[in-house]
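Here is work_0.tsv, consisting of TSV, C-alpha atoms:
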chain	number	residue	atom	x	y	z
A	1	MET	CA	-10.72	-30.36	-8.74
A	2	ASN	CA	-10.71	-31.92	-12.20
A	3	TYR	CA	-10.49	-28.44	-13.64
A	4	VAL	CA	-7.41	-27.67	-11.57
A	5	LEU	CA	-5.80	-30.90	-12.77
A	6	PHE	CA	-6.70	-30.07	-16.36
A	7	MET	CA	-4.87	-26.74	-16.08
A	8	ALA	CA	-1.92	-28.35	-14.28
A	9	ASP	CA	-1.54	-31.19	-16.81
A	10	THR	CA	-1.92	-28.89	-19.80
A	11	ASN	CA	0.84	-26.56	-18.59
A	12	LEU	CA	3.12	-29.40	-17.51
A	13	ILE	CA	2.94	-31.34	-20.77
A	14	LEU	CA	3.52	-28.23	-22.85
A	15	ALA	CA	6.45	-27.30	-20.60
A	16	GLN	CA	7.93	-30.76	-21.05
A	17	ARG	CA	7.60	-30.47	-24.84
A	18	ASN	CA	9.14	-26.99	-24.87
A	19	ALA	CA	11.98	-28.18	-22.69
A	20	GLU	CA	13.01	-30.53	-25.51
A	21	TRP	CA	14.19	-27.37	-27.29
A	22	CYS	CA	16.75	-26.70	-24.57
A	23	GLY	CA	20.11	-26.62	-26.31
A	24	HIS	CA	18.48	-27.06	-29.73
A	25	GLY	CA	17.03	-23.59	-30.41
A	26	PRO	CA	17.77	-22.01	-33.80
A	27	VAL	CA	19.89	-19.28	-32.18
A	28	LEU	CA	21.08	-18.85	-28.62
A	29	GLU	CA	18.70	-15.97	-27.78
A	30	GLN	CA	15.65	-17.96	-28.87
A	31	ASP	CA	16.88	-21.06	-27.10
A	32	ILE	CA	17.00	-18.97	-23.92
A	33	ALA	CA	13.61	-17.43	-24.69
A	34	ILE	CA	11.78	-20.71	-25.08
A	35	THR	CA	13.39	-22.23	-22.00
A	36	ASN	CA	12.52	-19.16	-19.92
A	37	ILE	CA	8.94	-19.48	-21.11
A	38	THR	CA	9.06	-23.15	-20.21
A	39	LEU	CA	10.07	-22.32	-16.66
A	40	ASP	CA	7.01	-20.12	-16.30
A	41	LEU	CA	4.71	-22.82	-17.68
A	42	LEU	CA	6.25	-25.27	-15.25
A	43	GLY	CA	5.78	-22.80	-12.40
A	44	GLN	CA	2.13	-22.35	-13.34
A	45	ALA	CA	1.70	-26.13	-13.48
A	46	ARG	CA	3.22	-26.40	-10.00
A	47	ASN	CA	0.83	-23.79	-8.61
A	48	PHE	CA	-2.12	-25.75	-9.96
A	49	TYR	CA	-0.74	-29.13	-8.79
A	50	GLN	CA	-0.16	-27.78	-5.28
A	51	TYR	CA	-3.74	-26.59	-5.16
A	52	ALA	CA	-5.04	-29.89	-6.56
A	53	ALA	CA	-3.05	-31.82	-3.95
A	54	SER	CA	-4.49	-29.76	-1.11
A	55	LEU	CA	-8.02	-30.36	-2.45
A	56	ILE	CA	-7.43	-34.10	-2.73
A	57	ASN	CA	-5.99	-34.30	0.77
A	58	GLN	CA	-8.93	-32.38	2.21
A	59	SER	CA	-11.34	-34.97	0.88
A	60	ALA	CA	-9.44	-37.40	3.15
A	61	ARG	CA	-10.56	-40.56	1.41
A	62	GLN	CA	-7.10	-40.98	-0.06
A	63	PRO	CA	-4.96	-43.53	1.77
A	64	ILE	CA	-1.74	-41.79	0.68
A	65	GLU	CA	-1.14	-38.08	0.84
A	66	ALA	CA	-1.10	-36.43	-2.60
A	67	THR	CA	1.68	-33.98	-3.45
A	68	GLU	CA	2.49	-31.90	-6.51
A	69	ASP	CA	5.12	-34.52	-7.36
A	70	SER	CA	2.85	-37.53	-6.98
A	71	LEU	CA	0.25	-35.90	-9.22
A	72	ALA	CA	2.79	-35.15	-11.93
A	73	ASN	CA	4.79	-38.34	-11.72
A	74	LEU	CA	2.50	-41.12	-10.62
A	75	ARG	CA	-0.65	-40.69	-12.69
A	76	THR	CA	-1.20	-42.68	-15.86
A	77	GLU	CA	-1.92	-41.57	-19.39
A	78	ARG	CA	-5.67	-42.02	-19.01
A	79	GLU	CA	-5.66	-39.84	-15.90
A	80	PHE	CA	-3.96	-36.92	-17.66
A	81	LYS	CA	-6.44	-34.28	-18.83
A	82	ASN	CA	-4.16	-32.04	-20.90
A	83	LEU	CA	-5.15	-30.64	-24.29
A	84	LEU	CA	-4.03	-32.82	-27.21
A	85	LEU	CA	-2.41	-29.74	-28.77
A	86	CYS	CA	0.18	-29.67	-25.97
A	87	GLU	CA	1.36	-33.25	-26.34
A	88	LEU	CA	1.99	-33.15	-30.11
A	89	PRO	CA	5.65	-33.49	-31.09
A	90	ASN	CA	7.59	-30.26	-31.58
A	91	GLY	CA	8.26	-30.71	-35.28
A	92	ASP	CA	10.23	-27.75	-36.59
A	93	TRP	CA	10.49	-24.26	-35.09
A	94	ALA	CA	7.44	-23.06	-37.03
A	95	GLN	CA	5.29	-25.85	-35.61
A	96	SER	CA	6.44	-25.24	-32.03
A	97	ILE	CA	5.93	-21.48	-32.35
A	98	LEU	CA	2.47	-21.78	-33.86
A	99	LYS	CA	1.46	-24.19	-31.09
A	100	LEU	CA	2.57	-21.66	-28.47
A	101	PHE	CA	0.73	-18.90	-30.28
A	102	PHE	CA	-2.57	-20.86	-30.40
A	103	PHE	CA	-2.09	-21.86	-26.79
A	104	SER	CA	-1.18	-18.46	-25.35
A	105	ALA	CA	-3.95	-16.66	-27.27
A	106	TYR	CA	-6.30	-19.08	-25.47
A	107	THR	CA	-4.73	-18.98	-22.00
A	108	GLN	CA	-4.53	-15.19	-22.03
A	109	LEU	CA	-8.30	-15.00	-22.46
A	110	LEU	CA	-8.81	-17.84	-20.00
A	111	TYR	CA	-6.68	-16.29	-17.24
A	112	THR	CA	-8.38	-12.93	-17.82
A	113	GLN	CA	-11.68	-14.64	-16.93
A	114	LEU	CA	-10.26	-16.81	-14.16
A	115	GLN	CA	-8.90	-13.76	-12.34
A	116	HIS	CA	-12.50	-13.30	-11.22
A	117	SER	CA	-13.04	-16.94	-10.30
A	118	LYS	CA	-15.14	-17.59	-7.21
A	119	TYR	CA	-12.27	-19.77	-6.01
A	120	ASP	CA	-9.68	-17.40	-4.52
A	121	ARG	CA	-6.73	-19.62	-5.20
A	122	ILE	CA	-7.58	-20.07	-8.90
A	123	ALA	CA	-8.06	-16.31	-9.17
A	124	ALA	CA	-4.63	-15.72	-7.61
A	125	ILE	CA	-2.87	-18.22	-9.90
A	126	ALA	CA	-4.64	-16.70	-12.91
A	127	GLN	CA	-3.62	-13.18	-11.96
A	128	LYS	CA	0.01	-14.26	-11.66
A	129	SER	CA	0.00	-16.38	-14.82
A	130	LEU	CA	-1.63	-13.69	-16.93
A	131	LYS	CA	1.39	-11.40	-16.70
A	132	GLU	CA	3.64	-14.18	-17.97
A	133	THR	CA	1.20	-15.26	-20.66
A	134	ASN	CA	1.22	-11.73	-22.08
A	135	TYR	CA	4.94	-12.10	-22.78
A	136	LEU	CA	4.44	-15.50	-24.37
A	137	LEU	CA	1.62	-14.28	-26.60
A	138	ARG	CA	3.56	-11.27	-27.79
A	139	TRP	CA	6.72	-13.26	-28.45
A	140	SER	CA	4.95	-16.08	-30.32
A	141	SER	CA	2.76	-13.64	-32.32
A	142	GLU	CA	5.85	-11.82	-33.51
A	143	TRP	CA	7.41	-15.09	-34.60
A	144	VAL	CA	4.29	-16.22	-36.47
A	145	ILE	CA	4.34	-12.94	-38.41
A	146	ARG	CA	8.09	-13.14	-39.00
A	147	LEU	CA	7.83	-16.67	-40.39
A	148	GLY	CA	4.66	-16.13	-42.41
A	149	ASP	CA	5.82	-12.88	-43.91
A	150	GLY	CA	9.43	-14.01	-44.21
A	151	THR	CA	11.18	-16.13	-46.80
A	152	GLU	CA	9.59	-18.64	-49.13
A	153	GLU	CA	10.84	-21.45	-46.95
A	154	SER	CA	9.67	-19.96	-43.63
A	155	ASN	CA	6.28	-19.26	-45.20
A	156	GLN	CA	5.98	-22.84	-46.40
A	157	ARG	CA	6.98	-24.21	-43.02
A	158	ILE	CA	4.44	-22.21	-41.06
A	159	LYS	CA	1.77	-23.15	-43.62
A	160	ASN	CA	2.58	-26.82	-43.03
A	161	ALA	CA	2.37	-26.22	-39.29
A	162	LEU	CA	-1.00	-24.53	-39.70
A	163	THR	CA	-2.41	-27.49	-41.65
A	164	TYR	CA	-1.09	-29.96	-39.09
A	165	LEU	CA	-2.09	-28.14	-35.88
A	166	TRP	CA	-5.40	-26.58	-36.82
A	167	PRO	CA	-7.59	-29.67	-36.17
A	168	PHE	CA	-6.26	-29.70	-32.60
A	169	THR	CA	-7.45	-26.18	-31.74
A	170	GLY	CA	-11.16	-26.94	-31.54
A	171	GLU	CA	-10.80	-28.96	-28.35
A	172	MET	CA	-9.98	-25.85	-26.33
A	173	PHE	CA	-13.54	-24.59	-26.74
A	174	VAL	CA	-15.51	-27.79	-26.19
A	175	ALA	CA	-16.46	-27.74	-22.52
A	176	ALA	CA	-15.77	-30.81	-20.44
A	177	ASP	CA	-18.16	-31.45	-17.57
A	178	PHE	CA	-15.67	-29.83	-15.17
A	179	GLU	CA	-15.59	-26.55	-17.11
A	180	ASP	CA	-18.86	-25.06	-15.90
A	181	GLU	CA	-17.38	-21.81	-14.57
A	182	ILE	CA	-15.90	-20.63	-17.89
A	183	ASP	CA	-17.56	-18.74	-20.73
A	184	LEU	CA	-15.87	-20.73	-23.50
A	185	LYS	CA	-18.10	-19.22	-26.15
A	186	GLY	CA	-16.86	-15.72	-25.34
A	187	ILE	CA	-13.27	-16.95	-25.29
A	188	LYS	CA	-13.71	-18.67	-28.64
A	189	ASP	CA	-14.99	-15.51	-30.34
A	190	LYS	CA	-12.13	-13.39	-29.05
A	191	TRP	CA	-9.61	-16.14	-29.81
A	192	GLN	CA	-10.77	-16.28	-33.42
A	193	GLN	CA	-10.42	-12.51	-33.74
A	194	LYS	CA	-6.88	-12.63	-32.39
A	195	ILE	CA	-5.88	-15.54	-34.62
A	196	HIS	CA	-7.41	-13.80	-37.61
A	197	ALA	CA	-5.54	-10.55	-36.94
A	198	VAL	CA	-2.13	-12.18	-36.51
A	199	LEU	CA	-2.46	-14.70	-39.35
A	200	SER	CA	-3.59	-11.94	-41.71
A	201	GLU	CA	-0.57	-9.85	-40.80
A	202	ALA	CA	1.55	-12.95	-41.41
A	203	THR	CA	0.00	-13.18	-44.91
A	204	LEU	CA	-1.53	-16.56	-44.00
A	205	ALA	CA	-5.06	-17.71	-44.83
A	206	VAL	CA	-7.21	-18.52	-41.79
A	207	PRO	CA	-8.33	-22.16	-41.99
A	208	ASP	CA	-11.94	-23.23	-41.84
A	209	MET	CA	-13.29	-22.72	-38.32
A	210	GLN	CA	-16.04	-25.29	-38.90
A	211	MET	CA	-13.63	-28.09	-39.71
A	212	LEU	CA	-14.02	-31.39	-37.88
A	213	MET	CA	-11.82	-31.14	-34.81
A	214	GLN	CA	-9.92	-33.66	-32.70
A	215	SER	CA	-10.93	-34.05	-29.07
A	216	GLY	CA	-10.50	-36.34	-26.10
A	217	GLY	CA	-7.61	-34.90	-24.08
A	218	LYS	CA	-9.83	-33.48	-21.36
A	219	GLN	CA	-11.40	-36.94	-20.94
A	220	GLY	CA	-8.04	-38.73	-20.85
A	221	ILE	CA	-8.24	-40.08	-24.41
A	222	HIS	CA	-4.90	-39.05	-25.87
A	223	THR	CA	-2.82	-39.35	-29.03
A	224	GLU	CA	-0.10	-41.99	-29.13
A	225	HIS	CA	2.44	-39.28	-28.22
A	226	LEU	CA	1.49	-38.75	-24.58
A	227	GLY	CA	2.57	-42.20	-23.42
A	228	TYR	CA	6.10	-41.57	-24.62
A	229	ILE	CA	6.29	-38.21	-22.85
A	230	LEU	CA	5.10	-39.73	-19.58
A	231	ALA	CA	7.49	-42.65	-19.92
A	232	GLU	CA	10.40	-40.26	-20.20
A	233	MET	CA	9.13	-37.82	-17.58
A	234	GLN	CA	8.05	-40.33	-14.96
A	235	TYR	CA	10.73	-42.98	-15.39
A	236	LEU	CA	12.92	-41.84	-12.53
A	237	GLN	CA	10.17	-41.52	-9.90
A	238	ARG	CA	8.62	-44.83	-10.88
A	239	THR	CA	11.93	-46.69	-10.85
A	240	TYR	CA	13.33	-45.03	-7.72
A	241	PRO	CA	10.23	-43.87	-5.80
A	242	GLY	CA	10.83	-40.70	-3.82
A	243	ALA	CA	14.28	-40.10	-5.32
A	244	GLU	CA	15.66	-36.62	-4.56
A	245	TRP	CA	18.79	-34.75	-5.48
B	1	MET	CA	-1.15	-7.99	27.98
B	2	GLN	CA	0.30	-4.72	26.77
B	3	LYS	CA	3.78	-5.98	27.51
B	4	GLN	CA	3.15	-8.99	25.29
B	5	THR	CA	2.04	-6.85	22.36
B	6	ILE	CA	5.24	-4.84	22.62
B	7	ASP	CA	7.32	-8.03	22.71
B	8	ILE	CA	5.68	-9.30	19.56
B	9	LYS	CA	6.21	-5.99	17.79
B	10	GLN	CA	9.85	-6.11	18.79
B	11	LEU	CA	10.17	-9.66	17.53
B	12	GLU	CA	8.61	-8.74	14.21
B	13	ASN	CA	10.98	-5.79	13.83
B	14	ARG	CA	13.91	-8.03	14.61
B	15	ILE	CA	12.76	-10.51	11.95
B	16	TRP	CA	12.55	-7.74	9.36
B	17	GLN	CA	16.13	-6.80	10.25
B	18	ILE	CA	17.25	-10.40	9.83
B	19	LEU	CA	15.45	-10.68	6.48
B	20	ALA	CA	17.29	-7.56	5.30
B	21	ARG	CA	20.47	-9.64	5.34
B	22	ILE	CA	19.19	-12.28	2.90
B	23	THR	CA	20.10	-11.75	-0.73
B	24	ASP	CA	18.65	-13.08	-3.95
B	25	PRO	CA	20.73	-16.09	-5.04
B	26	GLU	CA	20.69	-14.97	-8.68
B	27	VAL	CA	21.15	-11.24	-8.18
B	28	PRO	CA	23.27	-11.22	-5.02
B	29	VAL	CA	23.44	-7.42	-4.67
B	30	LEU	CA	19.73	-7.27	-3.93
B	31	THR	CA	18.25	-8.28	-0.63
B	32	ILE	CA	14.84	-9.91	-0.66
B	33	LEU	CA	13.49	-6.70	0.87
B	34	ASP	CA	14.96	-4.64	-1.99
B	35	LEU	CA	13.12	-6.93	-4.40
B	36	GLY	CA	9.85	-6.45	-2.56
B	37	ILE	CA	9.07	-10.14	-2.31
B	38	VAL	CA	8.54	-10.25	1.46
B	39	ARG	CA	4.92	-9.26	1.92
B	40	GLU	CA	4.24	-9.83	5.59
B	41	VAL	CA	5.76	-10.94	8.88
B	42	ILE	CA	3.40	-12.08	11.60
B	43	ALA	CA	4.53	-13.31	14.99
B	44	ASP	CA	2.42	-14.72	17.78
B	45	ASP	CA	2.74	-17.14	20.71
B	46	THR	CA	2.77	-20.19	18.44
B	47	GLY	CA	5.43	-19.06	15.97
B	48	VAL	CA	6.33	-16.83	13.09
B	49	GLN	CA	4.80	-16.61	9.65
B	50	VAL	CA	6.73	-15.02	6.79
B	51	SER	CA	4.80	-14.44	3.55
B	52	ILE	CA	6.73	-14.19	0.32
B	53	THR	CA	5.61	-13.78	-3.28
B	54	PRO	CA	7.41	-15.17	-6.34
B	55	THR	CA	8.72	-12.76	-8.97
B	56	TYR	CA	7.81	-15.16	-11.80
B	57	SER	CA	5.86	-18.45	-11.44
B	58	GLY	CA	8.87	-20.34	-12.71
B	59	CYS	CA	11.52	-18.55	-10.69
B	60	PRO	CA	13.82	-21.34	-9.48
B	61	ALA	CA	15.23	-19.12	-6.73
B	62	MET	CA	12.06	-19.20	-4.61
B	63	ASP	CA	12.74	-22.55	-2.91
B	64	MET	CA	16.28	-21.42	-2.20
B	65	ILE	CA	15.05	-18.13	-0.71
B	66	ALA	CA	12.55	-19.94	1.52
B	67	THR	CA	15.36	-22.20	2.79
B	68	GLN	CA	17.63	-19.20	3.40
B	69	ILE	CA	14.91	-17.50	5.45
B	70	ARG	CA	14.53	-20.61	7.60
B	71	MET	CA	18.27	-20.99	8.10
B	72	GLU	CA	18.85	-17.34	8.91
B	73	LEU	CA	16.00	-17.18	11.43
B	74	LEU	CA	17.12	-20.48	12.95
B	75	SER	CA	20.63	-19.12	13.45
B	76	GLU	CA	19.01	-16.31	15.47
B	77	GLY	CA	17.13	-18.82	17.59
B	78	ILE	CA	13.76	-18.40	15.88
B	79	LYS	CA	12.64	-21.95	15.27
B	80	LYS	CA	8.94	-22.15	14.55
B	81	VAL	CA	8.80	-20.56	11.13
B	82	ASP	CA	6.06	-21.02	8.58
B	83	ILE	CA	6.78	-19.70	5.10
B	84	LYS	CA	3.73	-18.91	3.09
B	85	SER	CA	3.69	-18.23	-0.64
B	86	ILE	CA	1.29	-15.51	-1.76
B	87	LEU	CA	0.37	-15.13	-5.44
B	88	SER	CA	-2.12	-12.29	-5.24
B	89	PRO	CA	-1.58	-9.41	-5.69
B	90	ALA	CA	1.03	-10.48	-8.21
B	91	TRP	CA	4.55	-9.15	-7.78
B	92	THR	CA	5.59	-6.19	-9.88
B	93	THR	CA	8.93	-4.47	-10.37
B	94	ASP	CA	7.25	-1.34	-8.97
B	95	TRP	CA	7.75	-2.96	-5.57
B	96	MET	CA	11.50	-2.85	-5.92
B	97	SER	CA	13.02	-0.28	-3.56
B	98	GLU	CA	14.85	2.81	-4.84
B	99	ALA	CA	17.94	1.65	-2.98
B	100	GLY	CA	17.59	-1.68	-4.77
B	101	LYS	CA	17.47	0.02	-8.17
B	102	GLN	CA	20.65	1.98	-7.37
B	103	LYS	CA	22.42	-1.20	-6.26
B	104	LEU	CA	21.39	-2.99	-9.46
B	105	LYS	CA	22.79	-0.20	-11.58
B	106	ALA	CA	26.07	-0.16	-9.69
B	107	TYR	CA	26.24	-3.92	-10.23
B	108	GLY	CA	25.94	-3.46	-14.01
B	109	ILE	CA	22.27	-4.40	-14.44
B	110	ALA	CA	19.95	-1.69	-15.75
B	111	PRO	CA	17.10	-1.27	-13.22
B	112	PRO	CA	13.46	-1.65	-14.33
B	113	ASN	CA	11.66	1.37	-15.70
B	114	GLN	CA	8.52	2.53	-13.96
B	115	LYS	CA	5.82	0.22	-15.26
B	116	GLN	CA	3.18	2.89	-15.80
B	117	GLN	CA	5.43	4.74	-18.20
B	118	VAL	CA	6.73	2.13	-20.55
B	119	CYS	CA	5.50	-1.46	-20.28
B	120	GLN	CA	4.36	-2.17	-23.83
B	121	GLN	CA	2.21	-5.05	-24.97
B	122	ASP	CA	1.97	-4.16	-28.66
B	123	LEU	CA	3.59	-6.41	-31.24
B	124	PHE	CA	6.99	-5.27	-32.40
B	125	ALA	CA	6.71	-2.41	-29.92
B	126	ALA	CA	9.47	0.15	-30.06
B	127	ASN	CA	12.23	-0.70	-27.62
B	128	GLU	CA	12.02	1.00	-24.28
B	129	ALA	CA	14.67	3.64	-23.74
B	130	ILE	CA	16.99	1.80	-21.40
B	131	GLN	CA	19.95	3.57	-19.88
B	132	CYS	CA	23.33	1.85	-20.10
B	133	PRO	CA	24.39	1.13	-16.50
B	134	ARG	CA	28.02	1.73	-17.46
B	135	CYS	CA	28.15	4.98	-19.47
B	136	ASN	CA	24.57	6.25	-18.87
B	137	SER	CA	23.84	6.56	-22.60
B	138	TYR	CA	20.27	5.94	-23.72
B	139	HIS	CA	21.60	4.90	-27.10
B	140	THR	CA	21.03	1.19	-26.50
B	141	GLN	CA	19.34	-1.68	-28.30
B	142	ARG	CA	17.63	-4.85	-27.22
B	143	ILE	CA	19.45	-8.03	-28.23
B	144	SER	CA	16.92	-10.43	-26.75
B	145	GLU	CA	13.75	-10.13	-24.72
B	146	PHE	CA	14.99	-12.97	-22.52
B	147	GLY	CA	18.31	-12.95	-20.70
B	148	SER	CA	20.18	-15.11	-18.24
B	149	THR	CA	17.13	-15.37	-15.98
B	150	ALA	CA	13.39	-14.92	-16.55
B	151	CYS	CA	13.45	-11.45	-14.99
B	152	LYS	CA	16.10	-10.00	-17.30
B	153	ALA	CA	16.46	-9.03	-20.98
B	154	LEU	CA	19.71	-8.67	-22.87
B	155	TYR	CA	20.69	-5.23	-24.18
B	156	GLN	CA	23.73	-3.66	-25.73
B	157	CYS	CA	24.93	-0.09	-25.41
B	158	LEU	CA	25.62	1.38	-28.86
B	159	HIS	CA	27.73	4.12	-27.31
B	160	CYS	CA	30.26	2.22	-25.20
B	161	LYS	CA	29.46	-1.16	-26.87
B	162	GLU	CA	28.99	-2.88	-23.52
B	163	PRO	CA	26.37	-5.66	-23.48
B	164	PHE	CA	24.30	-5.58	-20.29
B	165	ASP	CA	21.29	-7.12	-18.59
B	166	TYR	CA	18.12	-5.11	-18.09
B	167	PHE	CA	15.83	-6.07	-15.21
B	168	LYS	CA	12.54	-6.05	-17.15
B	169	CYS	CA	9.58	-4.11	-15.88
B	170	HIS	CA	6.91	-6.65	-15.05

In structure tokens, how does this file's structure come out?
Amino acid sequence: MNYVLFMADTNLILAQRNAEWCGHGPVLEQDIAITNITLDLLGQARNFYQYAASLINQSARQPIEATEDSLANLRTEREFKNLLLCELPNGDWAQSILKLFFFSAYTQLLYTQLQHSKYDRIAAIAQKSLKETNYLLRWSSEWVIRLGDGTEESNQRIKNALTYLWPFTGEMFVAADFEDEIDLKGIKDKWQQKIHAVLSEATLAVPDMQMLMQSGGKQGIHTEHLGYILAEMQYLQRTYPGAEW
Amino acid sequence: MQKQTIDIKQLENRIWQILARITDPEVPVLTILDLGIVREVIADDTGVQVSITPTYSGCPAMDMIATQIRMELLSEGIKKVDIKSILSPAWTTDWMSEAGKQKLKAYGIAPPNQKQQVCQQDLFAANEAIQCPRCNSYHTQRISEFGSTACKALYQCLHCKEPFDYFKCH
């Protein structure tokens, strides 16, 4: 159950961050692209939240019935298990793109494994999400290459993004106690190969893989940024409980 | 007993006919049967179960479609309806009917290519040869991989200059 919440939170928080680009993309086509991608991430988050809610309600100890909405809107910062990478501010386009590239290179490998999960519902969500993740990975890879191998300015910007984001990538591969079903070691090896291939094509140096990495998201220990996201996201449901429109 | 089985079969057939009237809210020329998103209709003594599958996880039309199914069946006196969402096997544009593809084209949206032939995952892959729904030229170019909805990409015909949506193969 914690694993399902981890996947739900991770997708939701990244979707919320991406959604901040709505109306602010560098050109109209890319504005539409990132918001379309956001819808898919949100849809994947909903699938996981719906499953998590049904698991919680089955255990029957809860006095109030859990729903996808209550899980997204009424849990606190320390209860959120999302990756730190997802909650970081968007920064510039290069930073947002690189974040999506790191993330989708990871989720593509993850969903490929989870398709064979012993839990049917996780396998079904993974199978569905994988098709969408392929788009995201291709689109973000192309942008990383375009920026890295582009102008002096675009190259500098993606280099800055790389320096800033890299310490947040290690957390993906450090198993939390709820991640017993996944071969994170195998995913890490393939992830590194993918990152290496794309960064090389983008004329960017691959940072040190052994660097000291940030962690804590999976355990609910977050950066200062998550609280602000939740405040904005949850404000309406906390102020007007059950509001609908 | 046998009589009952026939009744249920008839009811299921009737439901399929009713569903054939429901269109996609975002692409109103296509019915939900054309799209291939209705996977199963099961009727028994307790009620009716309609299973649908989303095109994309984030498709905002799914809730609307579920409501339309309820309303339409209700208007035909079928009250106990359970709508189930199925994720696996995942929807693919290969499930779109031939009639649906023709209707899309007539509506000005290029229908999806057969997935086996052209779905490319390589970086900077060459554009698929998409036929302009207006002048039938294959001399077209992709403007953006993402269009007005998640399921479409934006193209332009270089022959007649018309910009058009392409329903992506997925």

Margin query: Report, in Å with one decimal, the straight-line distance from CA of Ser96 (chain A) to CA of Leu12 (chain A).
Written below: 15.5 Å

Check: Within 7 Å of (-7.7, -12.1, -9.9), only C-alpha atoms: residues as a VMD selection string?
Finding: chain A and resid 114 to 116 123 to 124 126 to 127

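For Leu87 (chain B), the residues within 9 Å (counting only C-alpha atoms, excluding itself and residues fewer than 2 positions away along the chain) are Arg121, Ala124, Ile125, Gln127 and Lys128 of chain A; Ile52, Thr53, Pro54, Ser57, Ser85, Pro89, Ala90 and Trp91 of chain B.
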
Notebook entry, point to check: Restricting the calculation to all atoms listed in the file, which member of B:Cys169, B:Ile109, B:Cys160, B:Ile143 is positioned closest to chain A?
Noted result: B:Ile143

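Each of A:Ile195, A:Leu162, A:Ile229, A:Leu28 was checked against Cys86 (chain A) using all atoms listed in the file; the smallest atom-to-atom distance is that of A:Ile229.
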
Next item on the list: Compute the set of chain B residues within 12 Å of chain A, using all atoms listed in the file, and express it as a ChimeraX atom specification.
Entry: /B:53-63,85-92,119-125,142-155,168-170

Test item: residues at most 12 Å from Glu232 (chain A), all atoms listed in the file, excluding those fewer than 5 positions along its chain, as a compact mmCIF listing (two decimals) with C-alpha atoms, in the frame of the given file:
# COMPACT_ATOMS: atom_id res chain seq x y z
CA ILE A 13 2.94 -31.34 -20.77
CA GLN A 16 7.93 -30.76 -21.05
CA ARG A 17 7.60 -30.47 -24.84
CA GLU A 20 13.01 -30.53 -25.51
CA ASN A 73 4.79 -38.34 -11.72
CA HIS A 225 2.44 -39.28 -28.22
CA LEU A 226 1.49 -38.75 -24.58
CA GLY A 227 2.57 -42.20 -23.42
CA GLN A 237 10.17 -41.52 -9.90
CA ARG A 238 8.62 -44.83 -10.88
CA THR A 239 11.93 -46.69 -10.85

Selection as a JSON list (two decimals) with C-alpha atoms, keeping the file's coordinate frame: residues within 12 Å of (9.8, -15.5, 5.5), counting all atoms listed in the file:
[["chain", "number", "residue", "atom", "x", "y", "z"],
["B", 12, "GLU", "CA", 8.61, -8.74, 14.21],
["B", 15, "ILE", "CA", 12.76, -10.51, 11.95],
["B", 16, "TRP", "CA", 12.55, -7.74, 9.36],
["B", 17, "GLN", "CA", 16.13, -6.80, 10.25],
["B", 18, "ILE", "CA", 17.25, -10.40, 9.83],
["B", 19, "LEU", "CA", 15.45, -10.68, 6.48],
["B", 20, "ALA", "CA", 17.29, -7.56, 5.30],
["B", 22, "ILE", "CA", 19.19, -12.28, 2.90],
["B", 32, "ILE", "CA", 14.84, -9.91, -0.66],
["B", 33, "LEU", "CA", 13.49, -6.70, 0.87],
["B", 37, "ILE", "CA", 9.07, -10.14, -2.31],
["B", 38, "VAL", "CA", 8.54, -10.25, 1.46],
["B", 39, "ARG", "CA", 4.92, -9.26, 1.92],
["B", 40, "GLU", "CA", 4.24, -9.83, 5.59],
["B", 41, "VAL", "CA", 5.76, -10.94, 8.88],
["B", 42, "ILE", "CA", 3.40, -12.08, 11.60],
["B", 43, "ALA", "CA", 4.53, -13.31, 14.99],
["B", 47, "GLY", "CA", 5.43, -19.06, 15.97],
["B", 48, "VAL", "CA", 6.33, -16.83, 13.09],
["B", 49, "GLN", "CA", 4.80, -16.61, 9.65],
["B", 50, "VAL", "CA", 6.73, -15.02, 6.79],
["B", 51, "SER", "CA", 4.80, -14.44, 3.55],
["B", 52, "ILE", "CA", 6.73, -14.19, 0.32],
["B", 53, "THR", "CA", 5.61, -13.78, -3.28],
["B", 62, "MET", "CA", 12.06, -19.20, -4.61],
["B", 63, "ASP", "CA", 12.74, -22.55, -2.91],
["B", 64, "MET", "CA", 16.28, -21.42, -2.20],
["B", 65, "ILE", "CA", 15.05, -18.13, -0.71],
["B", 66, "ALA", "CA", 12.55, -19.94, 1.52],
["B", 67, "THR", "CA", 15.36, -22.20, 2.79],
["B", 68, "GLN", "CA", 17.63, -19.20, 3.40],
["B", 69, "ILE", "CA", 14.91, -17.50, 5.45],
["B", 70, "ARG", "CA", 14.53, -20.61, 7.60],
["B", 71, "MET", "CA", 18.27, -20.99, 8.10],
["B", 72, "GLU", "CA", 18.85, -17.34, 8.91],
["B", 73, "LEU", "CA", 16.00, -17.18, 11.43],
["B", 74, "LEU", "CA", 17.12, -20.48, 12.95],
["B", 78, "ILE", "CA", 13.76, -18.40, 15.88],
["B", 80, "LYS", "CA", 8.94, -22.15, 14.55],
["B", 81, "VAL", "CA", 8.80, -20.56, 11.13],
["B", 82, "ASP", "CA", 6.06, -21.02, 8.58],
["B", 83, "ILE", "CA", 6.78, -19.70, 5.10],
["B", 84, "LYS", "CA", 3.73, -18.91, 3.09],
["B", 85, "SER", "CA", 3.69, -18.23, -0.64],
["B", 86, "ILE", "CA", 1.29, -15.51, -1.76]]

Check: For Gln214 (chain A), which residue out of A:Asp183, A:Trp191, A:Phe168, A:Lys118 is the nearest one, using all atoms listed in the file?
Finding: A:Phe168

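CA of Gln102 (chain B) is positioned 20.0 Å from CA of His139 (chain B).
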
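Pairwise distance (CA of Asp177 (chain A), CA of Tyr119 (chain A)) equals 17.5 Å.
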
Report, as JSON, the axis-aligned box around all atoms of region 13-20 of chain B present in the file, extended by 4 Å on each side; give centre and edge lengths in Å to one decimal place.
{"center_x": 14.1, "center_y": -8.2, "center_z": 10.0, "size_x": 14.3, "size_y": 12.9, "size_z": 17.3}
